[in-house]
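Just data17.cif here, mmCIF, C-alpha atoms and all ligand atoms:
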data_my_file
loop_
_atom_site.group_PDB
_atom_site.id
_atom_site.type_symbol
_atom_site.label_atom_id
_atom_site.label_comp_id
_atom_site.auth_asym_id
_atom_site.auth_seq_id
_atom_site.Cartn_x
_atom_site.Cartn_y
_atom_site.Cartn_z
ATOM 1 C CA MET A 78 -1.801 0.779 11.108
ATOM 2 C CA ILE A 79 0.980 2.429 9.127
ATOM 3 C CA GLU A 80 2.308 4.210 12.242
ATOM 4 C CA GLU A 81 2.336 0.838 13.888
ATOM 5 C CA LYS A 82 4.448 -0.579 11.132
ATOM 6 C CA LYS A 83 6.976 2.208 11.290
ATOM 7 C CA GLU A 84 7.267 1.441 14.931
ATOM 8 C CA ILE A 85 7.951 -2.196 14.068
ATOM 9 C CA SER A 86 10.831 -1.164 11.861
ATOM 10 C CA ASN A 87 12.341 1.057 14.486
ATOM 11 C CA LEU A 88 12.002 -1.340 17.363
ATOM 12 C CA SER A 89 13.454 -4.357 15.722
ATOM 13 C CA ASN A 90 16.083 -2.740 13.595
ATOM 14 C CA ASN A 91 17.692 -1.135 16.587
ATOM 15 C CA ASN A 92 18.379 -4.573 17.899
ATOM 16 C CA SER A 93 18.756 -6.790 14.918
ATOM 17 C CA ASN A 94 22.042 -7.648 13.254
ATOM 18 C CA GLU A 95 20.450 -6.963 9.947
ATOM 19 C CA ILE A 96 20.332 -3.248 9.515
ATOM 20 C CA GLU A 97 22.332 -2.708 6.405
ATOM 21 C CA ASP A 98 19.725 -3.247 3.738
ATOM 22 C CA ASN A 99 16.729 -1.666 5.313
ATOM 23 C CA SER A 100 18.613 1.045 7.109
ATOM 24 C CA LYS A 101 17.006 3.582 4.851
ATOM 25 C CA ALA A 102 13.643 2.321 5.979
ATOM 26 C CA SER A 103 14.393 1.937 9.620
ATOM 27 C CA ASN A 104 15.923 5.234 10.479
ATOM 28 C CA THR A 105 13.213 7.573 9.519
ATOM 29 C CA ASN A 106 10.424 7.179 7.109
ATOM 30 C CA SER A 107 9.913 3.783 5.578
ATOM 31 C CA LEU A 108 7.308 5.163 3.205
ATOM 32 C CA SER A 109 9.922 7.153 1.351
ATOM 33 C CA LEU A 110 12.021 4.032 0.753
ATOM 34 C CA LYS A 111 9.753 2.518 -1.795
ATOM 35 C CA ASN A 112 9.634 5.545 -4.019
ATOM 36 C CA SER A 113 13.300 6.340 -3.780
ATOM 37 C CA THR A 114 14.731 2.906 -4.415
ATOM 38 C CA ASN A 115 12.437 1.247 -6.887
ATOM 39 C CA ASN A 116 14.929 1.436 -9.726
ATOM 40 C CA GLU A 117 17.809 -0.485 -8.264
ATOM 41 C CA PRO A 118 17.898 -4.271 -8.260
ATOM 42 C CA ILE A 119 18.004 -5.991 -4.886
ATOM 43 C CA ILE A 120 18.107 -9.448 -6.509
ATOM 44 C CA GLN A 121 19.879 -10.220 -9.781
ATOM 45 C CA VAL A 122 19.476 -13.661 -11.293
ATOM 46 C CA LYS A 123 22.072 -14.186 -14.006
ATOM 47 C CA ASN A 124 22.179 -17.110 -16.426
ATOM 48 C CA LEU A 125 20.617 -19.490 -13.927
ATOM 49 C CA THR A 126 20.419 -23.144 -14.933
ATOM 50 C CA VAL A 127 18.881 -25.752 -12.642
ATOM 51 C CA GLN A 128 19.076 -29.448 -13.251
ATOM 52 C CA TYR A 129 17.865 -32.420 -11.216
ATOM 53 C CA ASP A 130 19.797 -35.579 -12.127
ATOM 54 C CA ASP A 131 20.121 -35.259 -15.884
ATOM 55 C CA ARG A 132 16.910 -33.273 -16.350
ATOM 56 C CA VAL A 133 17.200 -29.534 -16.967
ATOM 57 C CA ILE A 134 14.295 -27.686 -15.306
ATOM 58 C CA ILE A 135 15.440 -24.105 -15.802
ATOM 59 C CA ASP A 136 17.682 -23.291 -18.730
ATOM 60 C CA ASN A 137 19.730 -20.124 -18.550
ATOM 61 C CA ILE A 138 17.318 -17.510 -17.208
ATOM 62 C CA SER A 139 18.140 -13.982 -16.132
ATOM 63 C CA PHE A 140 16.010 -11.354 -14.425
ATOM 64 C CA ASP A 141 16.223 -8.592 -11.846
ATOM 65 C CA ILE A 142 13.969 -7.887 -8.894
ATOM 66 C CA MET A 143 13.873 -4.232 -7.934
ATOM 67 C CA ARG A 144 14.092 -3.006 -4.381
ATOM 68 C CA GLY A 145 10.672 -2.340 -2.918
ATOM 69 C CA GLU A 146 8.572 -3.941 -5.641
ATOM 70 C CA ILE A 147 6.041 -6.760 -5.552
ATOM 71 C CA PHE A 148 7.486 -9.221 -8.032
ATOM 72 C CA MET A 149 5.647 -12.367 -9.011
ATOM 73 C CA ILE A 150 6.770 -15.599 -10.618
ATOM 74 C CA VAL A 151 3.871 -17.282 -12.389
ATOM 75 C CA GLY A 152 3.263 -20.207 -14.713
ATOM 76 C CA GLY A 153 1.620 -23.600 -14.906
ATOM 77 C CA SER A 154 2.169 -26.381 -12.435
ATOM 78 C CA GLY A 155 5.631 -27.949 -12.605
ATOM 79 C CA CYS A 156 7.256 -25.156 -14.644
ATOM 80 C CA GLY A 157 9.839 -24.464 -11.953
ATOM 81 C CA LYS A 158 8.431 -21.575 -9.895
ATOM 82 C CA SER A 159 9.234 -23.083 -6.504
ATOM 83 C CA THR A 160 12.567 -24.290 -7.864
ATOM 84 C CA VAL A 161 13.572 -20.736 -8.792
ATOM 85 C CA LEU A 162 12.438 -19.465 -5.386
ATOM 86 C CA ARG A 163 14.492 -22.118 -3.588
ATOM 87 C CA GLN A 164 17.525 -21.009 -5.576
ATOM 88 C CA ILE A 165 16.945 -17.346 -4.703
ATOM 89 C CA ILE A 166 16.771 -18.078 -0.987
ATOM 90 C CA GLY A 167 19.878 -20.250 -1.117
ATOM 91 C CA LEU A 168 18.269 -23.608 -0.341
ATOM 92 C CA GLU A 169 19.737 -25.155 -3.468
ATOM 93 C CA ILE A 170 22.837 -24.428 -5.526
ATOM 94 C CA PRO A 171 22.449 -24.095 -9.319
ATOM 95 C CA ILE A 172 24.605 -25.981 -11.770
ATOM 96 C CA GLU A 173 25.270 -22.676 -13.486
ATOM 97 C CA GLY A 174 24.677 -18.999 -12.952
ATOM 98 C CA GLU A 175 24.767 -16.465 -10.179
ATOM 99 C CA ILE A 176 22.185 -14.968 -7.879
ATOM 100 C CA LEU A 177 23.249 -11.671 -6.414
ATOM 101 C CA ILE A 178 21.460 -10.430 -3.329
ATOM 102 C CA ASN A 179 22.408 -6.809 -2.920
ATOM 103 C CA GLY A 180 25.464 -7.581 -5.016
ATOM 104 C CA GLU A 181 26.539 -10.664 -3.027
ATOM 105 C CA ASP A 182 26.374 -14.076 -4.693
ATOM 106 C CA ILE A 183 24.265 -16.367 -2.523
ATOM 107 C CA CYS A 184 25.295 -19.405 -4.595
ATOM 108 C CA LYS A 185 28.961 -19.019 -3.733
ATOM 109 C CA ALA A 186 28.652 -17.753 -0.163
ATOM 110 C CA THR A 187 29.423 -20.104 2.704
ATOM 111 C CA GLY A 188 29.486 -19.974 6.488
ATOM 112 C CA LYS A 189 28.949 -16.572 8.084
ATOM 113 C CA ASP A 190 28.737 -14.837 4.718
ATOM 114 C CA LYS A 191 25.858 -17.075 3.713
ATOM 115 C CA VAL A 192 24.069 -16.510 7.024
ATOM 116 C CA HIS A 193 24.493 -12.782 6.491
ATOM 117 C CA ILE A 194 22.740 -13.037 3.115
ATOM 118 C CA LEU A 195 20.081 -15.439 4.401
ATOM 119 C CA ASN A 196 19.182 -12.946 7.123
ATOM 120 C CA LYS A 197 17.933 -10.630 4.425
ATOM 121 C CA PHE A 198 15.043 -13.008 3.717
ATOM 122 C CA GLY A 199 11.793 -13.809 5.418
ATOM 123 C CA VAL A 200 10.144 -16.804 3.798
ATOM 124 C CA LEU A 201 6.583 -18.055 3.826
ATOM 125 C CA PHE A 202 6.322 -21.565 2.422
ATOM 126 C CA GLN A 203 3.230 -23.178 0.969
ATOM 127 C CA SER A 204 2.405 -24.867 4.261
ATOM 128 C CA SER A 205 2.673 -22.328 7.060
ATOM 129 C CA GLY A 206 5.465 -24.294 8.768
ATOM 130 C CA LEU A 207 4.463 -23.153 12.258
ATOM 131 C CA PHE A 208 5.523 -25.442 15.095
ATOM 132 C CA ALA A 209 2.308 -27.192 16.088
ATOM 133 C CA SER A 210 3.125 -27.554 19.776
ATOM 134 C CA MET A 211 4.016 -23.887 20.223
ATOM 135 C CA THR A 212 1.732 -20.889 20.607
ATOM 136 C CA LEU A 213 1.895 -18.166 17.972
ATOM 137 C CA ALA A 214 3.930 -16.035 20.379
ATOM 138 C CA GLU A 215 6.405 -18.856 20.982
ATOM 139 C CA ASN A 216 6.712 -19.482 17.255
ATOM 140 C CA ILE A 217 7.700 -15.852 16.689
ATOM 141 C CA ALA A 218 9.803 -15.619 19.860
ATOM 142 C CA LEU A 219 11.969 -18.523 18.744
ATOM 143 C CA LYS A 220 13.322 -16.486 15.873
ATOM 144 C CA LEU A 221 13.870 -13.382 17.979
ATOM 145 C CA GLU A 222 15.551 -15.233 20.832
ATOM 146 C CA THR A 223 18.038 -16.946 18.565
ATOM 147 C CA SER A 224 18.916 -13.952 16.406
ATOM 148 C CA THR A 225 18.783 -10.861 18.614
ATOM 149 C CA ASN A 226 19.812 -9.622 22.032
ATOM 150 C CA LEU A 227 16.357 -8.311 22.851
ATOM 151 C CA THR A 228 15.095 -8.576 26.414
ATOM 152 C CA ASN A 229 12.011 -10.666 27.194
ATOM 153 C CA SER A 230 9.784 -7.642 27.486
ATOM 154 C CA GLN A 231 11.071 -6.244 24.182
ATOM 155 C CA ILE A 232 10.392 -9.612 22.560
ATOM 156 C CA LEU A 233 6.848 -9.647 23.918
ATOM 157 C CA GLU A 234 6.292 -6.138 22.648
ATOM 158 C CA LEU A 235 7.627 -7.031 19.239
ATOM 159 C CA ILE A 236 5.456 -10.165 19.049
ATOM 160 C CA ASN A 237 2.457 -8.025 19.842
ATOM 161 C CA ILE A 238 3.375 -5.529 17.130
ATOM 162 C CA LYS A 239 4.019 -8.250 14.547
ATOM 163 C CA LEU A 240 0.761 -10.052 15.249
ATOM 164 C CA THR A 241 -1.115 -6.751 15.156
ATOM 165 C CA SER A 242 0.405 -5.893 11.790
ATOM 166 C CA VAL A 243 -1.061 -9.069 10.265
ATOM 167 C CA GLY A 244 -4.429 -8.615 11.968
ATOM 168 C CA LEU A 245 -3.866 -11.166 14.736
ATOM 169 C CA ALA A 246 -3.720 -8.950 17.822
ATOM 170 C CA GLY A 247 -4.722 -10.929 20.886
ATOM 171 C CA TYR A 248 -3.879 -14.351 19.424
ATOM 172 C CA GLU A 249 -0.497 -14.665 21.152
ATOM 173 C CA SER A 250 -1.459 -17.706 23.214
ATOM 174 C CA PHE A 251 -3.291 -19.618 20.481
ATOM 175 C CA LEU A 252 -1.880 -22.829 19.044
ATOM 176 C CA PRO A 253 -1.757 -23.190 15.247
ATOM 177 C CA SER A 254 -4.444 -25.891 15.454
ATOM 178 C CA GLU A 255 -6.820 -23.398 17.100
ATOM 179 C CA ILE A 256 -6.874 -20.921 14.211
ATOM 180 C CA SER A 257 -8.056 -21.026 10.582
ATOM 181 C CA GLY A 258 -5.883 -21.681 7.521
ATOM 182 C CA GLY A 259 -5.818 -17.994 6.587
ATOM 183 C CA MET A 260 -4.826 -17.023 10.111
ATOM 184 C CA LYS A 261 -2.047 -19.620 10.083
ATOM 185 C CA LYS A 262 -0.621 -18.043 6.951
ATOM 186 C CA ARG A 263 -0.795 -14.619 8.557
ATOM 187 C CA ALA A 264 0.880 -15.917 11.712
ATOM 188 C CA ALA A 265 3.629 -17.451 9.582
ATOM 189 C CA LEU A 266 3.992 -14.088 7.871
ATOM 190 C CA ALA A 267 4.337 -12.385 11.263
ATOM 191 C CA ARG A 268 7.085 -14.867 12.069
ATOM 192 C CA ALA A 269 8.805 -14.327 8.706
ATOM 193 C CA MET A 270 8.754 -10.589 9.429
ATOM 194 C CA ALA A 271 10.159 -10.961 12.929
ATOM 195 C CA LEU A 272 13.588 -9.592 12.057
ATOM 196 C CA ASP A 273 12.299 -7.054 9.541
ATOM 197 C CA PRO A 274 13.951 -8.642 6.531
ATOM 198 C CA PRO A 275 14.220 -6.345 3.513
ATOM 199 C CA ILE A 276 12.922 -9.173 1.295
ATOM 200 C CA LEU A 277 9.871 -11.382 1.925
ATOM 201 C CA CYS A 278 9.315 -14.467 -0.234
ATOM 202 C CA PHE A 279 6.045 -16.332 -0.565
ATOM 203 C CA ASP A 280 5.383 -19.675 -2.223
ATOM 204 C CA GLU A 281 1.698 -19.774 -3.234
ATOM 205 C CA PRO A 282 0.465 -17.554 -0.385
ATOM 206 C CA SER A 283 -3.173 -18.121 -1.306
ATOM 207 C CA SER A 284 -3.082 -21.864 -1.882
ATOM 208 C CA GLY A 285 -5.620 -23.747 0.189
ATOM 209 C CA LEU A 286 -7.510 -20.560 1.038
ATOM 210 C CA ASP A 287 -11.039 -19.656 -0.017
ATOM 211 C CA PRO A 288 -11.184 -16.746 -2.520
ATOM 212 C CA VAL A 289 -12.117 -14.108 0.068
ATOM 213 C CA THR A 290 -9.353 -15.140 2.472
ATOM 214 C CA ALA A 291 -6.925 -15.333 -0.456
ATOM 215 C CA ALA A 292 -7.820 -11.768 -1.430
ATOM 216 C CA THR A 293 -7.227 -10.661 2.178
ATOM 217 C CA MET A 294 -3.756 -12.198 2.035
ATOM 218 C CA ASP A 295 -3.054 -10.316 -1.213
ATOM 219 C CA GLU A 296 -4.188 -7.060 0.400
ATOM 220 C CA LEU A 297 -1.936 -7.710 3.367
ATOM 221 C CA ILE A 298 1.051 -8.237 1.080
ATOM 222 C CA LYS A 299 0.269 -4.960 -0.682
ATOM 223 C CA GLU A 300 -0.293 -3.087 2.551
ATOM 224 C CA LEU A 301 2.966 -4.283 4.117
ATOM 225 C CA ASN A 302 4.859 -3.529 0.921
ATOM 226 C CA SER A 303 3.495 -0.029 0.819
ATOM 227 C CA ALA A 304 3.992 0.665 4.530
ATOM 228 C CA LEU A 305 7.421 -0.903 4.982
ATOM 229 C CA GLY A 306 8.921 -0.854 1.495
ATOM 230 C CA THR A 307 9.745 -4.565 1.800
ATOM 231 C CA THR A 308 10.569 -6.239 -1.495
ATOM 232 C CA MET A 309 8.009 -8.995 -2.042
ATOM 233 C CA VAL A 310 8.815 -12.034 -4.179
ATOM 234 C CA VAL A 311 5.700 -14.101 -4.715
ATOM 235 C CA VAL A 312 5.307 -17.426 -6.512
ATOM 236 C CA SER A 313 1.709 -17.911 -7.553
ATOM 237 C CA HIS A 314 -0.629 -19.517 -10.007
ATOM 238 C CA ASP A 315 -3.594 -17.535 -8.672
ATOM 239 C CA LEU A 316 -4.453 -15.167 -11.513
ATOM 240 C CA ASP A 317 -6.619 -12.797 -9.458
ATOM 241 C CA GLY A 318 -3.836 -12.413 -6.950
ATOM 242 C CA VAL A 319 -1.300 -11.765 -9.687
ATOM 243 C CA ILE A 320 -3.390 -9.164 -11.490
ATOM 244 C CA ASN A 321 -4.335 -7.332 -8.290
ATOM 245 C CA THR A 322 -1.044 -7.497 -6.466
ATOM 246 C CA ALA A 323 2.011 -7.704 -8.716
ATOM 247 C CA GLN A 324 3.865 -4.714 -10.030
ATOM 248 C CA ARG A 325 5.975 -6.900 -12.289
ATOM 249 C CA VAL A 326 5.725 -10.530 -13.317
ATOM 250 C CA ILE A 327 7.790 -13.173 -15.036
ATOM 251 C CA MET A 328 5.991 -16.131 -16.540
ATOM 252 C CA LEU A 329 7.880 -19.434 -16.652
ATOM 253 C CA ASP A 330 7.074 -22.264 -19.022
ATOM 254 C CA LYS A 331 7.786 -25.956 -18.709
ATOM 255 C CA ASP A 332 8.549 -26.532 -22.392
ATOM 256 C CA ALA A 333 10.692 -23.422 -22.773
ATOM 257 C CA LYS A 334 12.379 -24.224 -19.420
ATOM 258 C CA GLY A 335 12.507 -20.505 -18.919
ATOM 259 C CA ILE A 336 10.855 -17.109 -19.018
ATOM 260 C CA ILE A 337 8.300 -16.614 -21.784
ATOM 261 C CA ALA A 338 7.074 -13.188 -20.690
ATOM 262 C CA GLU A 339 8.079 -10.378 -18.386
ATOM 263 C CA GLY A 340 6.275 -7.141 -17.533
ATOM 264 C CA ALA A 341 3.351 -5.573 -15.720
ATOM 265 C CA PRO A 342 0.291 -7.858 -15.442
ATOM 266 C CA LYS A 343 -1.706 -5.488 -17.652
ATOM 267 C CA GLU A 344 0.889 -5.716 -20.424
ATOM 268 C CA LEU A 345 0.945 -9.509 -20.276
ATOM 269 C CA LYS A 346 -2.844 -9.614 -20.446
ATOM 270 C CA GLU A 347 -2.562 -7.978 -23.850
ATOM 271 C CA MET A 348 0.255 -10.114 -25.209
ATOM 272 C CA LYS A 349 -1.707 -11.608 -28.085
ATOM 273 C CA GLU A 350 1.452 -12.661 -29.891
ATOM 274 C CA ASN A 351 2.151 -15.309 -27.275
ATOM 275 C CA LYS A 352 -0.797 -17.682 -26.930
ATOM 276 C CA LYS A 353 0.376 -19.303 -23.704
ATOM 277 C CA VAL A 354 0.810 -15.956 -22.011
ATOM 278 C CA TYR A 355 -2.425 -14.542 -23.401
ATOM 279 C CA ASP A 356 -4.421 -17.614 -22.412
ATOM 280 C CA PHE A 357 -2.991 -17.638 -18.893
ATOM 281 C CA PHE A 358 -3.648 -13.962 -18.255
ATOM 282 C CA ASN A 359 -7.090 -14.063 -19.836
ATOM 283 C CA ARG A 360 -8.082 -17.296 -18.132
ATOM 284 C CA ILE A 361 -8.629 -19.141 -21.408
ATOM 285 C CA PRO A 362 -8.641 -22.898 -20.749
ATOM 286 C CA THR A 363 -5.926 -24.821 -22.568
ATOM 287 C CA SER A 364 -6.980 -27.819 -24.618
ATOM 288 C CA ILE A 365 -6.105 -31.168 -23.095
HETATM 289 N N1 LIG A 401 14.287 -31.841 -5.536
HETATM 290 C C1 LIG A 401 13.863 -32.235 -6.741
HETATM 291 N N2 LIG A 401 14.361 -33.337 -7.349
HETATM 292 C C2 LIG A 401 13.957 -33.699 -8.568
HETATM 293 N N3 LIG A 401 13.036 -33.056 -9.301
HETATM 294 C C3 LIG A 401 12.492 -31.949 -8.757
HETATM 295 C C4 LIG A 401 12.874 -31.469 -7.455
HETATM 296 N N4 LIG A 401 12.174 -30.345 -7.184
HETATM 297 C C5 LIG A 401 11.386 -30.123 -8.255
HETATM 298 N N5 LIG A 401 11.568 -31.068 -9.205
HETATM 299 C C6 LIG A 401 10.935 -31.127 -10.508
HETATM 300 O O1 LIG A 401 11.131 -29.859 -11.120
HETATM 301 C C7 LIG A 401 9.982 -29.446 -11.831
HETATM 302 C C8 LIG A 401 9.550 -28.086 -11.336
HETATM 303 O O2 LIG A 401 9.045 -28.215 -10.021
HETATM 304 P P1 LIG A 401 8.534 -26.985 -9.161
HETATM 305 O O3 LIG A 401 9.573 -25.950 -9.116
HETATM 306 O O4 LIG A 401 8.047 -27.526 -7.876
HETATM 307 O O5 LIG A 401 7.303 -26.464 -10.045
HETATM 308 P P2 LIG A 401 6.168 -25.416 -9.714
HETATM 309 O O6 LIG A 401 6.476 -24.793 -8.390
HETATM 310 O O7 LIG A 401 6.194 -24.436 -10.850
HETATM 311 O O8 LIG A 401 4.875 -26.168 -9.704
HETATM 312 C C9 LIG A 401 8.942 -30.538 -11.614
HETATM 313 O O9 LIG A 401 8.957 -31.378 -12.728
HETATM 314 C C10 LIG A 401 9.419 -31.252 -10.390
HETATM 315 O O10 LIG A 401 9.035 -32.611 -10.411
HETATM 316 MG MG MG A 402 5.462 -24.819 -6.556
#
Hey, can you dump this file as structure tokens for me?
Amino acid sequence: MIEEKKEISNLSNNNSNEIEDNSKASNTNSLSLKNSTNNEPIIQVKNLTVQYDDRVIIDNISFDIMRGEIFMIVGGSGCGKSTVLRQIIGLEIPIEGEILINGEDICKATGKDKVHILNKFGVLFQSSGLFASMTLAENIALKLETSTNLTNSQILELINIKLTSVGLAGYESFLPSEISGGMKKRAALARAMALDPPILCFDEPSSGLDPVTAATMDELIKELNSALGTTMVVVSHDLDGVINTAQRVIMLDKDAKGIIAEGAPKELKEMKENKKVYDFFNRIPTSI
């Protein structure tokens, strides 16, 4: 499976516009990328403040996401996890702060410059977002046809490789309605990976899935991260997923309107000095 994934990198990077960031991965050995680049930030969030109308949701937060890591944003419902993710992927502009993607500020970029930054991301939203009237192959092809100069046969080959890498070999001609919820998420992941983005973002990848299927999704994220060195940014409130998958976590809090803890899941599990963090990571119910 890993060989397969290296092949994916090579095939699509040769043709994609987006070779700058993952060039280290694409040229030779993607496995070496992760180890060699873990200490440099690929995303830097600096003094980010988000406000809707006159309500501040996120108040002056800063954090870095390192290249090649699985980074999770956790916290209770409504604390601003999806909001922060939308800012990172440039869907919304903050009232204050900067978000540097490989050193380029996505908040200030416009036109071609913004497209250039956006091409660094593959995004998997809470609902899979697949086009219902299109087969899985057509859903993936759409992205490849509009963003690359690949020939039809190259596109078909790439679709096959992408679907295989998420465990959906042979499902090219299925419609989204003909497959399970877990398979839909994996198909959406295959589509998000179509152009081999150096960063993949997930909003609640396991929501709506049964625990076994959710765990399979977590394993897939880990496997792809390890094989391709892709930086994974995952928003989640699923504790099992967080503990088993994340290398580093930030925990947001509604009252603090910001980050109340940052570190490896194991460290946060032991953070007795902060009750909210300790309770969350040790699954202690909060009083109502
Ligand atoms: N587009 C919006 N307009 C106004 N309020 C919003 C918008 N998006 C989110 N919010 C509010 O911001 C807060 C954080 O939302 P969200 O980021 O979705 O939380 P989470 O993903 O952690 O559950 C919530 O109170 C939500 O109602
Ligand atoms: Mg959310």
Given the file above and the PyMOL selection byres (((not hetatm)) within 9 of (chain A and resi 401)), which residues are selected, and can you give them as a PDB file with C-alpha atoms, keeping the file's coordinate frame?
ATOM      1  CA  VAL A 127      18.881 -25.752 -12.642  1.00  0.00           C
ATOM      2  CA  GLN A 128      19.076 -29.448 -13.251  1.00  0.00           C
ATOM      3  CA  TYR A 129      17.865 -32.420 -11.216  1.00  0.00           C
ATOM      4  CA  ASP A 130      19.797 -35.579 -12.127  1.00  0.00           C
ATOM      5  CA  ARG A 132      16.910 -33.273 -16.350  1.00  0.00           C
ATOM      6  CA  VAL A 133      17.200 -29.534 -16.967  1.00  0.00           C
ATOM      7  CA  ILE A 134      14.295 -27.686 -15.306  1.00  0.00           C
ATOM      8  CA  ILE A 135      15.440 -24.105 -15.802  1.00  0.00           C
ATOM      9  CA  ILE A 150       6.770 -15.599 -10.618  1.00  0.00           C
ATOM     10  CA  VAL A 151       3.871 -17.282 -12.389  1.00  0.00           C
ATOM     11  CA  GLY A 152       3.263 -20.207 -14.713  1.00  0.00           C
ATOM     12  CA  GLY A 153       1.620 -23.600 -14.906  1.00  0.00           C
ATOM     13  CA  SER A 154       2.169 -26.381 -12.435  1.00  0.00           C
ATOM     14  CA  GLY A 155       5.631 -27.949 -12.605  1.00  0.00           C
ATOM     15  CA  CYS A 156       7.256 -25.156 -14.644  1.00  0.00           C
ATOM     16  CA  GLY A 157       9.839 -24.464 -11.953  1.00  0.00           C
ATOM     17  CA  LYS A 158       8.431 -21.575  -9.895  1.00  0.00           C
ATOM     18  CA  SER A 159       9.234 -23.083  -6.504  1.00  0.00           C
ATOM     19  CA  THR A 160      12.567 -24.290  -7.864  1.00  0.00           C
ATOM     20  CA  VAL A 161      13.572 -20.736  -8.792  1.00  0.00           C
ATOM     21  CA  LEU A 162      12.438 -19.465  -5.386  1.00  0.00           C
ATOM     22  CA  ARG A 163      14.492 -22.118  -3.588  1.00  0.00           C
ATOM     23  CA  GLU A 169      19.737 -25.155  -3.468  1.00  0.00           C
ATOM     24  CA  ASP A 280       5.383 -19.675  -2.223  1.00  0.00           C
ATOM     25  CA  GLU A 281       1.698 -19.774  -3.234  1.00  0.00           C
ATOM     26  CA  VAL A 312       5.307 -17.426  -6.512  1.00  0.00           C
ATOM     27  CA  SER A 313       1.709 -17.911  -7.553  1.00  0.00           C
ATOM     28  CA  HIS A 314      -0.629 -19.517 -10.007  1.00  0.00           C
ATOM     29  CA  LEU A 329       7.880 -19.434 -16.652  1.00  0.00           C
ATOM     30  CA  ASP A 330       7.074 -22.264 -19.022  1.00  0.00           C
ATOM     31  CA  LYS A 331       7.786 -25.956 -18.709  1.00  0.00           C
TER      32      LYS A 331
END
Assuming the chain letters and numbering stay as they are in my file, what does the PyMOL selection byres (((chain A and resi 341-357) around 7) and not hetatm) actually select? List them as a PDB file with C-alpha atoms, in the coordinates of the input.
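Written file, result_38.pdb:
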ATOM      1  CA  ILE A 320      -3.390  -9.164 -11.490  1.00  0.00           C
ATOM      2  CA  ALA A 323       2.011  -7.704  -8.716  1.00  0.00           C
ATOM      3  CA  GLN A 324       3.865  -4.714 -10.030  1.00  0.00           C
ATOM      4  CA  ARG A 325       5.975  -6.900 -12.289  1.00  0.00           C
ATOM      5  CA  VAL A 326       5.725 -10.530 -13.317  1.00  0.00           C
ATOM      6  CA  ALA A 338       7.074 -13.188 -20.690  1.00  0.00           C
ATOM      7  CA  GLY A 340       6.275  -7.141 -17.533  1.00  0.00           C
ATOM      8  CA  PHE A 358      -3.648 -13.962 -18.255  1.00  0.00           C
ATOM      9  CA  ASN A 359      -7.090 -14.063 -19.836  1.00  0.00           C
ATOM     10  CA  ARG A 360      -8.082 -17.296 -18.132  1.00  0.00           C
ATOM     11  CA  ILE A 361      -8.629 -19.141 -21.408  1.00  0.00           C
ATOM     12  CA  PRO A 362      -8.641 -22.898 -20.749  1.00  0.00           C
TER      13      PRO A 362
END
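Checking A:Leu316, A:Ile336, A:Ile256, A:Val311 one by one against ligand MG 402 (chain A), counting only C-alpha atoms and all ligand atoms, you find the shortest gap at A:Val311.
With only C-alpha atoms and all ligand atoms as the basis for measurement, A:Gln203 is the residue among A:Gly306, A:Gln203, A:Glu249, A:Ser224 that approaches ligand MG 402 (chain A) most closely.
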Next on the checklist: Given the PyMOL selection byres (((chain A and resi 175) around 9) and not hetatm) and the file above, list the residues it selects as a PyMOL selection string.
Outcome noted: chain A and resi 121-125+171+173-174+176-177+182-185
Checklist outcome for this item: Closest of A:Glu215, A:Asp131, A:Asp295, A:Asp315 to ligand MG 402 (chain A), counting only C-alpha atoms and all ligand atoms, is A:Asp315
Could you add the missing atoms to segment 193-202 of chain A, up to N, CA and C atoms, and return them as a PDB file, in the frame of the given file?
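File out-v4.pdb, as written:
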ATOM      1  N   HIS A 193      24.715 -14.220   6.647  1.00  0.00           N
ATOM      2  CA  HIS A 193      24.493 -12.782   6.491  1.00  0.00           C
ATOM      3  C   HIS A 193      23.500 -12.516   5.348  1.00  0.00           C
ATOM      4  N   ILE A 194      23.669 -13.229   4.247  1.00  0.00           N
ATOM      5  CA  ILE A 194      22.740 -13.037   3.115  1.00  0.00           C
ATOM      6  C   ILE A 194      21.367 -13.614   3.464  1.00  0.00           C
ATOM      7  N   LEU A 195      21.368 -14.795   4.075  1.00  0.00           N
ATOM      8  CA  LEU A 195      20.081 -15.439   4.401  1.00  0.00           C
ATOM      9  C   LEU A 195      19.249 -14.581   5.345  1.00  0.00           C
ATOM     10  N   ASN A 196      19.916 -13.806   6.185  1.00  0.00           N
ATOM     11  CA  ASN A 196      19.182 -12.946   7.123  1.00  0.00           C
ATOM     12  C   ASN A 196      18.398 -11.850   6.432  1.00  0.00           C
ATOM     13  N   LYS A 197      18.671 -11.659   5.158  1.00  0.00           N
ATOM     14  CA  LYS A 197      17.933 -10.630   4.425  1.00  0.00           C
ATOM     15  C   LYS A 197      16.543 -11.114   4.024  1.00  0.00           C
ATOM     16  N   PHE A 198      16.310 -12.432   4.181  1.00  0.00           N
ATOM     17  CA  PHE A 198      15.043 -13.008   3.717  1.00  0.00           C
ATOM     18  C   PHE A 198      14.112 -13.406   4.854  1.00  0.00           C
ATOM     19  N   GLY A 199      12.831 -13.145   4.647  1.00  0.00           N
ATOM     20  CA  GLY A 199      11.793 -13.809   5.418  1.00  0.00           C
ATOM     21  C   GLY A 199      11.043 -14.669   4.416  1.00  0.00           C
ATOM     22  N   VAL A 200      10.739 -15.901   4.783  1.00  0.00           N
ATOM     23  CA  VAL A 200      10.144 -16.804   3.798  1.00  0.00           C
ATOM     24  C   VAL A 200       8.853 -17.417   4.330  1.00  0.00           C
ATOM     25  N   LEU A 201       7.851 -17.418   3.480  1.00  0.00           N
ATOM     26  CA  LEU A 201       6.583 -18.055   3.826  1.00  0.00           C
ATOM     27  C   LEU A 201       6.347 -19.191   2.835  1.00  0.00           C
ATOM     28  N   PHE A 202       6.489 -20.413   3.308  1.00  0.00           N
ATOM     29  CA  PHE A 202       6.322 -21.565   2.422  1.00  0.00           C
ATOM     30  C   PHE A 202       4.845 -21.900   2.244  1.00  0.00           C
TER      31      PHE A 202
END
